[in-house]
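Asker: For reference, this is entry_32.txt, and it has compact mmCIF, C-alpha atoms.
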# COMPACT_ATOMS: atom_id res chain seq x y z
CA MET Z 1 0.00 0.00 0.00
CA THR Z 2 1.39 3.38 -0.98
CA ASP Z 3 1.62 5.82 1.93
CA LEU Z 4 2.69 9.41 1.47
CA HIS Z 5 3.24 9.78 5.19
CA ARG Z 6 6.27 7.48 4.91
CA LEU Z 7 8.10 9.69 2.42
CA THR Z 8 11.60 10.46 3.65
CA LYS Z 9 13.32 12.03 0.65
CA PRO Z 10 12.58 15.08 -1.50
CA PHE Z 11 10.78 14.60 -4.80
CA VAL Z 12 11.95 16.91 -7.57
CA VAL Z 13 9.52 17.94 -10.35
CA VAL Z 14 10.93 19.58 -13.47
CA ARG Z 15 9.16 20.52 -16.67
CA ASP Z 16 10.15 20.36 -20.31
CA ASP Z 17 13.55 21.95 -20.94
CA ALA Z 18 13.75 24.10 -17.81
CA PRO Z 19 17.31 24.62 -16.50
CA SER Z 20 16.33 22.65 -13.40
CA VAL Z 21 16.31 19.49 -15.54
CA ASP Z 22 19.95 19.10 -14.49
CA ALA Z 23 18.63 18.06 -11.07
CA VAL Z 24 17.37 14.79 -12.57
CA ALA Z 25 19.95 14.28 -15.31
CA GLY Z 26 21.84 11.00 -15.29
CA ALA Z 27 18.95 9.08 -13.73
CA VAL Z 28 17.29 5.81 -14.63
CA VAL Z 29 13.95 6.79 -16.18
CA ALA Z 30 10.58 5.02 -15.92
CA ILE Z 31 8.57 6.17 -18.96
CA GLY Z 32 4.78 6.30 -19.16
CA ASN Z 33 1.54 8.24 -18.82
CA PHE Z 34 0.99 6.67 -15.38
CA ASP Z 35 -2.71 7.53 -15.09
CA GLY Z 36 -3.70 6.07 -11.72
CA VAL Z 37 -0.17 4.87 -10.92
CA HIS Z 38 -1.64 1.38 -10.70
CA ARG Z 39 0.11 -1.93 -9.99
CA GLY Z 40 1.26 -2.27 -13.59
CA HIS Z 41 2.79 1.19 -13.49
CA ARG Z 42 4.44 0.44 -10.18
CA ALA Z 43 6.08 -2.62 -11.73
CA VAL Z 44 7.73 -0.27 -14.24
CA ILE Z 45 8.73 2.03 -11.36
CA ALA Z 46 10.08 -0.89 -9.30
CA ALA Z 47 12.19 -1.96 -12.27
CA ALA Z 48 13.65 1.56 -12.50
CA LEU Z 49 14.45 1.60 -8.79
CA ALA Z 50 16.12 -1.81 -9.03
CA LEU Z 51 18.15 -0.74 -12.06
CA ALA Z 52 19.21 2.53 -10.45
CA ALA Z 53 20.33 1.16 -7.07
CA PRO Z 54 23.50 -0.73 -8.11
CA LEU Z 55 24.43 2.16 -10.43
CA GLY Z 56 24.18 4.66 -7.59
CA ARG Z 57 21.80 6.77 -9.71
CA GLN Z 58 18.47 8.46 -9.11
CA ALA Z 59 15.28 6.90 -10.46
CA ILE Z 60 12.71 9.27 -11.95
CA ALA Z 61 9.50 9.17 -13.98
CA LEU Z 62 9.11 10.72 -17.42
CA THR Z 63 5.44 11.50 -17.91
CA PHE Z 64 3.19 13.73 -20.02
CA GLU Z 65 0.58 16.44 -19.39
CA PRO Z 66 -2.05 16.78 -20.58
CA HIS Z 67 -2.79 13.13 -21.22
CA PRO Z 68 -1.94 12.45 -24.90
CA ARG Z 69 -5.48 11.25 -25.54
CA ARG Z 70 -6.73 14.70 -24.59
CA TYR Z 71 -4.49 16.18 -27.28
CA PHE Z 72 -5.38 13.71 -30.04
CA ARG Z 73 -9.14 13.47 -29.31
CA PRO Z 74 -10.19 16.67 -27.53
CA ASP Z 75 -13.79 16.01 -28.59
CA LEU Z 76 -14.04 12.80 -26.55
CA PRO Z 77 -14.42 12.72 -22.76
CA LEU Z 78 -11.46 11.29 -20.86
CA PHE Z 79 -12.07 9.84 -17.41
CA ARG Z 80 -8.71 10.39 -15.73
CA LEU Z 81 -7.99 8.26 -12.69
CA THR Z 82 -5.59 10.88 -11.33
CA ASP Z 83 -5.10 14.52 -12.19
CA GLU Z 84 -1.54 15.79 -12.50
CA ALA Z 85 -1.16 16.71 -8.84
CA ALA Z 86 -2.40 13.35 -7.57
CA LYS Z 87 -0.28 11.49 -10.09
CA LEU Z 88 2.85 13.27 -8.89
CA ARG Z 89 1.97 12.55 -5.27
CA LEU Z 90 1.65 8.86 -6.06
CA LEU Z 91 4.86 8.79 -8.08
CA ALA Z 92 6.65 10.32 -5.10
CA ALA Z 93 5.05 7.78 -2.75
CA ALA Z 94 6.29 4.95 -4.99
CA GLY Z 95 9.86 5.83 -4.01
CA LEU Z 96 11.06 7.77 -7.04
CA ASP Z 97 13.44 10.70 -6.71
CA GLY Z 98 11.61 12.97 -9.14
CA ALA Z 99 9.71 13.42 -12.37
CA LEU Z 100 10.14 15.18 -15.67
CA VAL Z 101 6.71 16.38 -16.82
CA MET Z 102 6.66 17.03 -20.55
CA THR Z 103 3.96 19.18 -22.11
CA PHE Z 104 2.17 17.06 -24.68
CA ASP Z 105 1.54 19.50 -27.51
CA ALA Z 106 1.97 19.67 -31.29
CA SER Z 107 5.73 19.98 -30.96
CA LEU Z 108 6.10 16.84 -28.88
CA ALA Z 109 3.49 14.93 -30.90
CA SER Z 110 5.45 15.60 -34.11
CA LEU Z 111 8.76 14.37 -32.68
CA SER Z 112 9.86 11.08 -34.24
CA ALA Z 113 10.61 8.13 -31.99
CA GLU Z 114 14.31 8.35 -32.82
CA ASP Z 115 14.37 12.08 -32.04
CA PHE Z 116 12.53 11.44 -28.77
CA ILE Z 117 15.25 9.01 -27.75
CA ILE Z 118 18.17 11.20 -28.86
CA ARG Z 119 16.87 14.69 -27.95
CA ILE Z 120 14.99 13.91 -24.76
CA LEU Z 121 16.50 10.78 -23.23
CA VAL Z 122 20.12 11.12 -24.34
CA ASP Z 123 20.82 14.82 -24.87
CA ARG Z 124 18.48 16.36 -22.29
CA LEU Z 125 18.41 13.72 -19.56
CA ARG Z 126 21.65 11.81 -20.23
CA ILE Z 127 19.87 8.74 -18.89
CA ALA Z 128 21.67 5.88 -17.17
CA GLY Z 129 18.90 3.46 -18.13
CA ALA Z 130 15.19 3.18 -18.88
CA THR Z 131 12.22 1.02 -18.00
CA ILE Z 132 9.04 0.88 -20.04
CA GLY Z 133 5.82 -1.12 -20.14
CA PHE Z 134 5.44 -3.81 -22.79
CA ASP Z 135 2.76 -1.87 -24.67
CA PHE Z 136 3.89 1.74 -24.28
CA HIS Z 137 4.48 3.62 -27.55
CA TYR Z 138 5.97 7.07 -28.07
CA GLY Z 139 7.00 9.42 -30.85
CA ARG Z 140 5.16 10.59 -33.97
CA ALA Z 141 2.20 8.34 -34.87
CA ARG Z 142 3.16 6.10 -31.91
CA GLY Z 143 6.06 4.89 -33.99
CA GLY Z 144 8.33 4.13 -31.05
CA SER Z 145 8.05 0.71 -29.41
CA PRO Z 146 9.74 -0.84 -26.37
CA ALA Z 147 11.81 -2.97 -28.74
CA LEU Z 148 13.01 0.14 -30.58
CA LEU Z 149 14.05 1.73 -27.27
CA SER Z 150 15.87 -1.45 -26.26
CA ALA Z 151 17.78 -1.51 -29.55
CA ALA Z 152 18.67 2.17 -29.16
CA GLY Z 153 19.92 1.52 -25.64
CA ALA Z 154 22.17 -1.28 -26.85
CA ARG Z 155 23.53 1.03 -29.53
CA LEU Z 156 23.94 4.10 -27.33
CA GLY Z 157 25.11 2.48 -24.14
CA PHE Z 158 22.23 2.42 -21.65
CA PRO Z 159 20.24 -0.59 -20.37
CA VAL Z 160 16.52 -0.89 -21.07
CA GLU Z 161 14.12 -3.15 -19.20
CA ILE Z 162 10.75 -3.97 -20.77
CA VAL Z 163 8.18 -4.85 -18.11
CA ALA Z 164 5.77 -7.69 -18.92
CA PRO Z 165 1.97 -7.35 -18.63
CA LEU Z 166 0.47 -7.80 -15.18
CA GLU Z 167 -2.78 -9.66 -14.51
CA ASP Z 168 -4.99 -10.00 -11.45
CA GLU Z 169 -6.92 -13.30 -11.47
CA GLY Z 170 -7.03 -13.25 -15.26
CA ARG Z 171 -7.93 -9.57 -15.53
CA ALA Z 172 -5.43 -7.17 -17.09
CA VAL Z 173 -4.12 -4.50 -14.74
CA SER Z 174 -4.64 -1.40 -16.86
CA SER Z 175 -6.09 2.09 -16.60
CA SER Z 176 -8.89 1.07 -18.98
CA GLU Z 177 -9.95 -1.86 -16.78
CA ILE Z 178 -9.93 0.37 -13.71
CA ARG Z 179 -12.08 2.99 -15.44
CA GLN Z 180 -14.57 0.26 -16.38
CA ALA Z 181 -14.70 -0.98 -12.79
CA LEU Z 182 -15.37 2.51 -11.46
CA ALA Z 183 -18.02 3.11 -14.12
CA ALA Z 184 -19.81 0.07 -12.67
CA GLY Z 185 -19.37 1.29 -9.08
CA GLN Z 186 -16.96 -1.56 -8.38
CA VAL Z 187 -14.59 0.40 -6.15
CA VAL Z 188 -13.28 -2.71 -4.36
CA GLU Z 189 -12.34 -4.30 -7.69
CA ALA Z 190 -10.75 -1.02 -8.82
CA ALA Z 191 -8.68 -0.96 -5.63
CA GLU Z 192 -7.44 -4.49 -6.36
CA LEU Z 193 -6.14 -3.36 -9.74
CA LEU Z 194 -4.77 -0.06 -8.48
CA GLY Z 195 -3.08 -1.50 -5.42
CA HIS Z 196 -4.81 1.15 -3.32
CA PRO Z 197 -8.36 2.53 -3.00
CA TRP Z 198 -9.30 5.05 -5.68
CA PHE Z 199 -9.51 8.65 -4.49
CA VAL Z 200 -10.34 12.14 -5.66
CA THR Z 201 -9.00 15.46 -4.39
CA ALA Z 202 -11.14 18.59 -4.62
CA THR Z 203 -12.08 21.83 -2.90
CA VAL Z 204 -15.17 21.98 -0.69
CA ILE Z 205 -17.69 24.39 -2.18
CA HIS Z 206 -20.82 26.04 -0.85
CA GLY Z 207 -24.04 24.17 -1.50
CA ASP Z 208 -27.73 24.70 -0.77
CA GLU Z 209 -27.32 23.24 2.77
CA ARG Z 210 -30.20 20.83 2.12
CA GLY Z 211 -28.21 18.05 3.79
CA ARG Z 212 -27.99 20.05 7.01
CA ASP Z 213 -31.77 20.46 6.99
CA LEU Z 214 -32.10 16.67 6.63
CA GLY Z 215 -29.76 16.01 9.54
CA TYR Z 216 -26.88 15.01 7.27
CA PRO Z 217 -24.60 18.01 6.66
CA THR Z 218 -22.30 17.41 3.72
CA ALA Z 219 -19.08 18.69 2.23
CA ASN Z 220 -19.81 19.33 -1.45
CA LEU Z 221 -17.21 18.84 -4.16
CA ARG Z 222 -17.39 19.44 -7.91
CA LEU Z 223 -15.43 16.75 -9.75
CA ASP Z 224 -14.03 16.82 -13.28
CA PRO Z 225 -16.97 16.82 -15.74
CA ASP Z 226 -15.46 13.72 -17.39
CA CYS Z 227 -15.42 11.74 -14.15
CA GLY Z 228 -16.94 8.37 -15.07
CA LEU Z 229 -17.65 7.07 -11.56
CA LYS Z 230 -21.08 5.44 -11.33
CA HIS Z 231 -23.67 7.60 -9.66
CA GLY Z 232 -24.56 6.18 -6.28
CA ILE Z 233 -23.80 5.95 -2.59
CA TYR Z 234 -20.35 4.94 -1.30
CA ALA Z 235 -18.56 4.26 1.97
CA VAL Z 236 -15.59 6.65 2.06
CA ARG Z 237 -12.66 7.80 4.12
CA VAL Z 238 -11.76 11.45 3.92
CA GLY Z 239 -8.32 12.95 4.42
CA ILE Z 240 -8.38 16.36 6.06
CA GLY Z 241 -5.09 17.89 7.15
CA GLY Z 242 -3.37 14.52 7.29
CA ARG Z 243 -6.10 12.83 9.36
CA ALA Z 244 -8.65 10.31 8.11
CA HIS Z 245 -12.37 10.47 8.87
CA ASP Z 246 -15.04 7.88 8.08
CA GLY Z 247 -18.09 8.87 6.09
CA VAL Z 248 -20.70 8.15 3.48
CA SER Z 249 -20.96 9.94 0.16
CA SER Z 250 -23.37 10.45 -2.68
CA PHE Z 251 -22.18 11.08 -6.21
CA GLY Z 252 -24.83 12.05 -8.71
CA ARG Z 253 -27.56 14.46 -9.74
CA ARG Z 254 -29.87 14.42 -6.66
CA PRO Z 255 -33.00 13.20 -8.53
CA THR Z 256 -35.22 13.65 -5.46
CA PHE Z 257 -34.61 17.40 -5.60
CA ASP Z 258 -33.15 19.01 -8.73
CA ASN Z 259 -31.52 16.40 -11.00
CA GLY Z 260 -28.73 18.93 -11.51
CA ALA Z 261 -25.08 18.71 -12.50
CA PRO Z 262 -23.18 15.81 -10.88
CA LEU Z 263 -21.93 16.63 -7.40
CA LEU Z 264 -20.02 14.64 -4.77
CA GLU Z 265 -21.63 15.13 -1.35
CA VAL Z 266 -19.75 13.71 1.63
CA HIS Z 267 -21.18 13.29 5.12
CA LEU Z 268 -18.50 12.72 7.79
CA PHE Z 269 -19.43 10.62 10.80
CA ASP Z 270 -18.88 12.16 14.23
CA PHE Z 271 -17.36 15.34 12.79
CA SER Z 272 -18.03 19.01 13.32
CA GLY Z 273 -16.27 21.93 11.75
CA ASP Z 274 -16.23 24.31 8.81
CA LEU Z 275 -14.69 22.74 5.70
CA TYR Z 276 -15.58 25.42 3.15
CA ASP Z 277 -12.69 26.04 0.73
CA ALA Z 278 -10.66 23.19 2.25
CA VAL Z 279 -8.94 20.79 -0.16
CA ILE Z 280 -9.73 17.23 0.89
CA ASP Z 281 -9.05 13.69 -0.33
CA VAL Z 282 -12.04 11.37 -0.66
CA VAL Z 283 -11.06 7.69 -0.73
CA PHE Z 284 -13.73 5.27 -2.01
CA ILE Z 285 -13.88 2.14 0.14
CA GLY Z 286 -17.18 0.43 -0.69
CA TRP Z 287 -20.32 0.55 -2.84
CA ILE Z 288 -23.67 0.90 -1.04
CA ARG Z 289 -26.34 1.37 -3.71
CA ALA Z 290 -27.36 3.17 -6.88
CA GLU Z 291 -28.77 6.69 -6.84
CA LEU Z 292 -32.56 6.70 -6.29
CA LYS Z 293 -35.45 9.14 -6.38
CA PHE Z 294 -37.55 9.23 -3.21
CA ALA Z 295 -41.20 10.25 -2.84
CA SER Z 296 -40.59 12.35 0.27
CA SER Z 297 -37.87 13.79 2.48
CA ASP Z 298 -38.87 11.34 5.23
CA ASP Z 299 -38.31 8.41 2.90
CA LEU Z 300 -34.93 9.83 1.93
CA ILE Z 301 -33.89 10.31 5.59
CA ARG Z 302 -34.84 6.73 6.44
CA ARG Z 303 -32.74 5.52 3.51
CA MET Z 304 -29.85 7.77 4.53
CA ASP Z 305 -29.94 6.25 8.00
CA GLU Z 306 -29.62 2.81 6.43
CA ASP Z 307 -26.90 3.98 4.04
CA SER Z 308 -24.91 5.28 6.99
CA ARG Z 309 -25.30 1.98 8.85
CA LEU Z 310 -24.11 0.03 5.81
CA ALA Z 311 -21.23 2.43 5.24
CA ARG Z 312 -20.04 2.00 8.83
CA LEU Z 313 -20.13 -1.78 8.37
CA ALA Z 314 -18.17 -1.57 5.11
CA LEU Z 315 -15.57 0.69 6.70
CA ALA Z 316 -15.23 -1.62 9.70
CA ARG Z 317 -14.68 -4.59 7.35
CA ALA Z 318 -12.07 -2.62 5.43
CA GLY Z 319 -10.01 -2.08 8.59
CA ASN Z 320 -7.24 0.44 8.06
CA ALA Z 321 -7.68 0.74 4.29
CA PHE Z 322 -7.25 4.50 4.38
CA GLY Z 323 -5.85 4.68 0.88
CA PRO Z 324 -2.61 6.24 -0.22
CA LEU Z 325 -3.16 9.83 0.77
CA CYS Z 326 -4.72 9.98 4.20
CA GLY Z 327 -4.49 8.38 7.59
As structure tokens, how would this structure be written, given the file I've shared?

Answerer:
Amino acid sequence: MTDLHRLTKPFVVVRDDAPSVDAVAGAVVAIGNFDGVHRGHRAVIAAALALAAPLGRQAIALTFEPHPRRYFRPDLPLFRLTDEAAKLRLLAAAGLDGALVMTFDASLASLSAEDFIIRILVDRLRIAGATIGFDFHYGRARGGSPALLSAAGARLGFPVEIVAPLEDEGRAVSSSEIRQALAAGQVVEAAELLGHPWFVTATVIHGDERGRDLGYPTANLRLDPDCGLKHGIYAVRVGIGGRAHDGVSSFGRRPTFDNGAPLLEVHLFDFSGDLYDAVIDVVFIGWIRAELKFASSDDLIRRMDEDSRLARLALARAGNAFGPLCG
């Protein structure tokens, strides 16, 4: 389980060709988009750490923002498992020394695979080695393969390790599989593939305070419009200032009241305090039920009482599964 509270070394983030890139030059580089930093990604990271240790070198990630799919298909929604900030937090928690974040734009997209290797890896980073997933492609028209990188390394004098696919009970560990699990509300299955419970980080906004009137005050958060999480009720743990709090959340359109834009509403058990404008982590531990429309407020309150009971049970069964960012 990844745990940011166990970080003991600084994590350096540099961007594009900034002069500070010298801080990560000469490292072993794990290359990828790393959306979710799931178990498959962490196998690539572990390979970089293992390669770097006997060489006495740093191990860093080379990743891209925005996600390349956002550049190539801006018209299609993209359900990102982690935004840039969360991705960098997880990369740091995985034990890396830093990350080079490259802006994925027309200039980078037009760079040939060979130029990517020579200009970025060799000239800019002076890499001591590289690790890459078996299916990761790079360069213009995705022309660069792991095999091409391996051949270039043999020619130019740096080792390359290609990491094999990872499966979990016959299911591929991939960002796509995790998105599908979350779209079905299967947060436990998503956590199995991720290696940690899925989480979101957002700022608490002002709402209509309807929850307070119902006896269930909530912290309201607006998630990315492309968030593909299934609408419904979830058992959650919430990280606030480095401490974890149990709760129950609703993600959806509130069909009993206004059927409005999707909103994440989180009720914290045994908590009092003003959270407006606070940035909090919401870690999804268990699925309770689908979003429903109720005939009356009394019916809704009775169901909320039951949801809270079921959420407490799910959280008790989960033990200390606080997720990677809180607790």

Asker: Would you list the residues near (20.8, 10.6, -19.2), meaning any protein, DNA or RNA residue with an atom at most 6 Å from that point in file coordinates, counting all atoms listed in the file, as a PyMOL selection string?

Answerer: chain Z and resi 25-27+121-122+125-128

Asker: Since we have the selection now, will you write its residues out, keeping C-alpha atoms, as an mmCIF file, in the coordinates of the input?

Answerer:
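Now in selection-v6.cif:
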data_model
loop_
_atom_site.group_PDB
_atom_site.id
_atom_site.type_symbol
_atom_site.label_atom_id
_atom_site.label_comp_id
_atom_site.auth_asym_id
_atom_site.auth_seq_id
_atom_site.Cartn_x
_atom_site.Cartn_y
_atom_site.Cartn_z
ATOM 1 C CA ALA Z 25 19.950 14.280 -15.310
ATOM 2 C CA GLY Z 26 21.840 11.000 -15.290
ATOM 3 C CA ALA Z 27 18.950 9.080 -13.730
ATOM 4 C CA LEU Z 121 16.500 10.780 -23.230
ATOM 5 C CA VAL Z 122 20.120 11.120 -24.340
ATOM 6 C CA LEU Z 125 18.410 13.720 -19.560
ATOM 7 C CA ARG Z 126 21.650 11.810 -20.230
ATOM 8 C CA ILE Z 127 19.870 8.740 -18.890
ATOM 9 C CA ALA Z 128 21.670 5.880 -17.170
#

Asker: At what distance in Å, to one decimal, does atom CA of Z:Ala47 lie from atom CA of Z:Gly153?

Answerer: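 Straight-line distance from atom CA of Z:Gly153 to atom CA of Z:Ala47 works out to 15.8 Å.
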
Asker: Which residues of stretch 31-73 of chain Z come within 12 Å of stretch 177-185 of chain Z, and what is each one's closest atom pair and distance in Å (one decimal), counting all atoms listed in the file, sorted by chain and residue number, as CSV?

Answerer:
residue,atom,partner,partner_atom,distance
Z:Asp35,CA,Z:Ile178,CA,10.3
Z:Gly36,CA,Z:Ile178,CA,8.7
Z:Val37,CA,Z:Ile178,CA,11.1
Z:His38,CA,Z:Ile178,CA,8.9
Z:Arg39,CA,Z:Ile178,CA,11.0
Z:Gly40,CA,Z:Ile178,CA,11.5

Asker: Might you pull out every residue within 12 Å of Z:Asp258, with all atoms listed in the file counted and same-chain residues fewer than 4 positions away left off, and present them as a list in words?

Answerer: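 Listed by chain and then number, they are Asp208, Arg210, Gly252, Arg253, Arg254, Pro262, Leu263 and Lys293 of chain Z.
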
Asker: Name the residues in contact with stretch 92-103 of chain Z at a cut-off of 8 Å, using only C-alpha atoms, excluding same-chain residues fewer than 5 positions from it; report them as a list in words.

Answerer: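 The residues satisfying every condition are Thr2, Asp3, Leu4, Arg6, Leu7, Lys9, Pro10, Phe11, Val12, Val13, Val14, Arg15, Asp16, Val21, Val24, Arg42, Ile45, Leu49, Gln58, Ala59, Ile60, Ala61, Leu62, Thr63, Phe64, Glu65, Pro66 and Leu108 of chain Z.
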
Asker: Rank nothing, just name the residue among Z:Val29, Z:Leu78, Z:Leu149, Z:Leu310 nearest to Z:Ala235, using all atoms listed in the file.

Answerer: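 Among the listed residues, the smallest separation from Z:Ala235 belongs to Z:Leu310.
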
Asker: Which residue gives the smallest distance to Z:Ala43 among Z:Gly207, Z:Gly139, Z:Gly133, Z:Gly56, with all atoms listed in the file counted?

Answerer: Z:Gly133

Asker: Neighbouring residues of Z:Ala85 were defined as those with any atom within 10 Å, considering all atoms listed in the file; residues of the same chain fewer than 5 positions away were excluded. Please report them as number ranges by chain.

Answerer: Z: 90-91, 201

Asker: For the selection just defined, write its residues with C-alpha atoms to a file, as a PDB file, in the coordinates of the input.

Answerer:
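The resulting file, again_33.pdb, is shown below:
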ATOM      1  CA  LEU Z  90       1.650   8.860  -6.060  1.00  0.00           C
ATOM      2  CA  LEU Z  91       4.860   8.790  -8.080  1.00  0.00           C
ATOM      3  CA  THR Z 201      -9.000  15.460  -4.390  1.00  0.00           C
TER       4      THR Z 201
END

Asker: Quick one: residues within 6 Å of Z:Ile240, all atoms listed in the file counted, chain neighbours fewer than 2 positions away excluded, as number ranges by chain?

Answerer: Z: 242-243, 280

Asker: Excluding Z:Arg237 and any residue of its chain fewer than 4 positions from it, enumerate the residues within 8 Å of it, using only C-alpha atoms, and give them as a compact mmCIF listing (two decimals) with C-alpha atoms, in the coordinates of the input.

Answerer:
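Final output, saved to out_11.txt:
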# COMPACT_ATOMS: atom_id res chain seq x y z
CA ALA Z 244 -8.65 10.31 8.11
CA HIS Z 245 -12.37 10.47 8.87
CA ASP Z 246 -15.04 7.88 8.08
CA GLY Z 247 -18.09 8.87 6.09
CA VAL Z 282 -12.04 11.37 -0.66
CA VAL Z 283 -11.06 7.69 -0.73
CA PHE Z 284 -13.73 5.27 -2.01
CA ILE Z 285 -13.88 2.14 0.14
CA PHE Z 322 -7.25 4.50 4.38

Asker: Can you tell me how far atom CA of Z:Arg70 sits from atom CA of Z:Leu194, in Å to one decimal?

Answerer: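 Atom-to-atom, atom CA of Z:Arg70 and atom CA of Z:Leu194 are spaced 21.9 Å apart.
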
Asker: Grab the atom CA of Z:Val236 to atom CA of Z:Asn220 distance for me, in Å with one decimal place.

Answerer: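 The value is 13.8 Å.
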
Asker: From the list Z:Leu292, Z:Val204, Z:Val163, Z:Ala190, which residue is nearest Z:Leu81 when using only C-alpha atoms?

Answerer: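 That would be Z:Ala190, the residue with the smallest distance to Z:Leu81.
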
Asker: Per residue of stretch 146-221 of chain Z within 12 Å of stretch 294-297 of chain Z, what are the shortest atom pair and its distance in Å to one decimal, counting all atoms listed in the file, with rows by chain and residue number, as JSON lines?

Answerer:
{"residue": "Z:Arg210", "atom": "CA", "partner": "Z:Ser297", "partner_atom": "CA", "distance": 10.4}
{"residue": "Z:Gly211", "atom": "CA", "partner": "Z:Ser297", "partner_atom": "CA", "distance": 10.6}
{"residue": "Z:Asp213", "atom": "CA", "partner": "Z:Ser297", "partner_atom": "CA", "distance": 10.1}
{"residue": "Z:Leu214", "atom": "CA", "partner": "Z:Ser297", "partner_atom": "CA", "distance": 7.7}
{"residue": "Z:Gly215", "atom": "CA", "partner": "Z:Ser297", "partner_atom": "CA", "distance": 11.0}

Asker: Keeping C-alpha atoms, export the residues of the selection given above as an mmCIF file, keeping the file's coordinate frame.

Answerer:
data_model
loop_
_atom_site.group_PDB
_atom_site.id
_atom_site.type_symbol
_atom_site.label_atom_id
_atom_site.label_comp_id
_atom_site.auth_asym_id
_atom_site.auth_seq_id
_atom_site.Cartn_x
_atom_site.Cartn_y
_atom_site.Cartn_z
ATOM 1 C CA ARG Z 210 -30.200 20.830 2.120
ATOM 2 C CA GLY Z 211 -28.210 18.050 3.790
ATOM 3 C CA ASP Z 213 -31.770 20.460 6.990
ATOM 4 C CA LEU Z 214 -32.100 16.670 6.630
ATOM 5 C CA GLY Z 215 -29.760 16.010 9.540
#

Asker: Which is closer to Z:Ser112 than all the others in Z:Arg312, Z:His67, Z:Arg155, Z:His137, using all atoms listed in the file?

Answerer: Z:His137

Asker: Given only C-alpha atoms as the basis, pick out the residue of Z:Leu264, Z:Val44, Z:Leu55, Z:Ala86 nearest to Z:Lys230.

Answerer: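 Closest candidate: Z:Leu264.
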